[in-house]
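Only one structure is covered here, and it is reproduced in the block below.
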Amino acid sequence: MAKRTFDVALSTVGLLLSAPLWLCIAAAIKIQDGGPVFFGQDRVGRYGRTFKAYKFRSMVPDAERLTGAVQASANDPRVTVVGRWLRATAMDELPQLWNIWRGDMSFVGPRPLRPDERDTTTPDCSVELRAFDGFERRHSVRPGLTGIAQVYAARDVSRKRKFRYDLLYVRRASFGLDVSLILQSFWYTATAAWEHRGPRVRRRISL
C-alpha cells in the first residue's frame, strides 16, 4: 500500500510538471514526419494481466510492419531524429506516468514484457521468454518504468540475464532500493545515457 501511495503521488506530480514538455515533444514529432504522436503496445502486468502501455513514438510510423517485434539496435534506421533524443533521455516513456497513475505499472519493477515476447539476443536462436525460470515469479509485482536491470545491465545484454536482475529486485524490493534506482534513473535522463550500449555503472551487484 505504501508503494502504491508513493507511485500515485509521484506520478501525479510528474504528470503536472511535465505537461508543457508533452506539448513540445508532440510538436517535434509532428514536425518530424506528421505521423502519430503516441505509440500504444500491449504489455504483461502483475499476475499476467495485459494492459496497453503508451510511449511517445520514437520510430517511423508502422516500424514493425516488415521486421515484426524486434528490439531496437544501435543506429537502428527505424528510429527518427527526434526519436534518438527521446530514447537517449527516456522522454519517450513519459506517457507511462499515466500507466503508473492508473495502477498498470509502478515506478520501479521489472520491465513490462510484450505478450509472447522472445529472446533473440543469441545468434540463430529465438527463445520464448515464458520458458525462462522465474517467469511467473517475475510477474508477482507490478512492472516498472525503471528497475535493477534497466539501471545496472548493459543495453544489449540477453533477456535471460536481465531476468536474473528482475528476480533480484523481487527478492530485495524495499523503499530505499526504489528511491536509489529512481535517482540513478534521473541521472541517466539528465546525461542522455539510456542508449549507452556498454556497462552502465562500475558498481558490482550480486545476482
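Letters A, B, ... mark the chains of the C-alpha cells in the order given; residue numbers begin at 1 per chain; ligand numbers begin at 1, in order shown.
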Hey, what does DSSP flag as alpha helix (DSSP H) within chain A? Can you give it to me as an MDAnalysis selection string? chainID A and resid 2:33 81:89 96:102 135:138 148:152 159:172 175:190
For A:Lys160, find every residue with an atom within 9 Å (counting only C-alpha atoms), except residues of its own chain fewer than 3 positions away, and show them as a ChimeraX atom specification. /A:119,129,132-133,157,163-164
Any idea what's packed within 8 Å of A:Ile29, counting only C-alpha atoms, ignoring anything in its chain fewer than 6 positions away? Could you give it as a ChimeraX atom specification? /A:35-37,57,82
Suppose we keep C-alpha atoms; can you now write the selection as a compact mmCIF listing (two decimals), in the first residue's frame?
```txt
# COMPACT_ATOMS: atom_id res chain seq x y z
CA GLY A 35 2.82 10.73 -38.02
CA PRO A 36 1.09 9.74 -34.76
CA VAL A 37 2.42 11.28 -31.55
CA ARG A 57 6.59 7.48 -30.88
CA VAL A 82 13.61 13.22 -32.67
```
DSSP-assigned strand (DSSP E or B) members of stretch 53-195 of chain A, reported as a ChimeraX atom specification: /A:53-56,59,79,106-108,113,118-119,127-128,144-146
Need to verify the contact set: A:Lys52, 7 Å, only C-alpha atoms, exclusion of same-chain residues closer than 3 positions in sequence. Can you return it as a VMD selection string? chain A and resid 40 to 43
Test item: residues at most 12 Å from A:Pro110, only C-alpha atoms, excluding those fewer than 4 positions along its chain, as a compact mmCIF listing (two decimals) with C-alpha atoms, in the first residue's frame:
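Full text of result-v9.txt as output:
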```
# COMPACT_ATOMS: atom_id res chain seq x y z
CA ARG A 43 2.30 -5.39 -22.24
CA VAL A 44 2.06 -8.01 -19.48
CA GLY A 45 1.46 -6.66 -15.99
CA ARG A 46 1.12 -8.05 -12.50
CA MET A 105 2.80 -0.11 -13.57
CA SER A 106 5.00 1.10 -10.75
CA GLY A 134 11.24 -17.32 -12.77
CA PHE A 135 8.84 -16.02 -15.43
CA GLU A 136 5.80 -16.34 -13.15
CA ARG A 137 7.61 -15.02 -10.06
CA ARG A 138 8.78 -12.03 -12.07
CA HIS A 139 5.13 -11.09 -12.59
CA SER A 140 4.25 -11.24 -8.90
CA VAL A 141 4.99 -7.49 -8.73
CA ARG A 142 3.92 -4.60 -10.93
CA PRO A 143 6.25 -3.92 -13.86
CA GLY A 144 8.27 -0.75 -13.57
CA LEU A 145 9.35 2.30 -15.50
CA THR A 146 12.85 1.61 -14.18
CA GLY A 147 14.50 -1.17 -12.22
CA ILE A 148 17.70 -3.01 -11.41
CA ALA A 149 18.02 -4.42 -14.94
CA GLN A 150 17.40 -1.03 -16.56
CA VAL A 151 19.94 0.75 -14.33
CA ARG A 159 16.91 -11.25 -21.77
CA LYS A 162 18.02 -9.39 -17.35
CA PHE A 163 15.58 -11.87 -15.81
CA ARG A 164 18.18 -12.54 -13.10
CA TYR A 165 18.27 -8.82 -12.28
CA ASP A 166 14.46 -8.72 -12.23
CA LEU A 167 14.24 -11.67 -9.83
CA LEU A 168 16.86 -10.00 -7.65
CA TYR A 169 14.53 -7.00 -7.37
CA VAL A 170 11.59 -9.24 -6.43
CA ARG A 171 13.70 -10.69 -3.60
CA ALA A 173 12.44 -4.86 -3.03
CA ASP A 178 13.30 2.12 -5.11
```
Please list as an MDAnalysis selection string every residue within 12 Å of stretch 8-10 of chain A, counting only C-alpha atoms and excluding residues in the same chain fewer than 5 positions away. chainID A and resid 1:3 15:18 97:108 179 182
For the residues in the current selection, export C-alpha atoms as a PDB file, in the first residue's frame.
```
ATOM      1  CA  MET A   1       0.000   0.000   0.000  1.00  0.00           C
ATOM      2  CA  ALA A   2       2.853   2.393   0.807  1.00  0.00           C
ATOM      3  CA  LYS A   3       4.496   1.678  -2.554  1.00  0.00           C
ATOM      4  CA  LEU A  15       2.196  14.484 -14.971  1.00  0.00           C
ATOM      5  CA  LEU A  16       1.562  18.049 -13.835  1.00  0.00           C
ATOM      6  CA  LEU A  17       5.173  19.240 -14.074  1.00  0.00           C
ATOM      7  CA  SER A  18       5.880  17.559 -17.405  1.00  0.00           C
ATOM      8  CA  LEU A  97       3.340   8.105 -15.968  1.00  0.00           C
ATOM      9  CA  TRP A  98      -0.337   7.653 -16.865  1.00  0.00           C
ATOM     10  CA  ASN A  99       0.089   3.857 -16.680  1.00  0.00           C
ATOM     11  CA  ILE A 100       1.661   4.274 -13.240  1.00  0.00           C
ATOM     12  CA  TRP A 101      -1.132   6.561 -12.050  1.00  0.00           C
ATOM     13  CA  ARG A 102      -3.717   4.020 -13.269  1.00  0.00           C
ATOM     14  CA  GLY A 103      -2.005   1.160 -11.446  1.00  0.00           C
ATOM     15  CA  ASP A 104      -0.822  -0.769 -14.513  1.00  0.00           C
ATOM     16  CA  MET A 105       2.795  -0.110 -13.572  1.00  0.00           C
ATOM     17  CA  SER A 106       4.995   1.096 -10.746  1.00  0.00           C
ATOM     18  CA  PHE A 107       7.952   3.476 -10.882  1.00  0.00           C
ATOM     19  CA  VAL A 108      10.287   0.599 -10.033  1.00  0.00           C
ATOM     20  CA  VAL A 179      14.488   5.621  -4.239  1.00  0.00           C
ATOM     21  CA  ILE A 182      14.790   6.366  -9.282  1.00  0.00           C
TER      22      ILE A 182
END
```
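Residue nearest A:Asp62 within the list A:Tyr188, A:Ser158, A:Gly48, A:Phe39: A:Phe39 [criterion: smallest interatomic distance, only C-alpha atoms].
Atom to atom, atom CA of A:Arg172 and atom CA of A:Ser11 stand 23.0 Å apart.
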For each of A:Arg155, A:Arg130, A:Arg111, A:Arg118, take the minimum atom-to-atom distance to A:Ala53, counting only C-alpha atoms, then give the residue where this is smallest. A:Arg111
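Across the structure, atom CA of A:Gln96 and atom CA of A:Phe56 are spaced 9.3 Å apart.
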A straight line from atom CA of A:Arg114 to atom CA of A:Val81 spans 25.2 Å
Of the candidates A:Thr50, A:Thr12, A:Ser174, A:Thr80, which shows the shortest atom-to-atom distance to A:Gly34, using only C-alpha atoms? A:Thr80
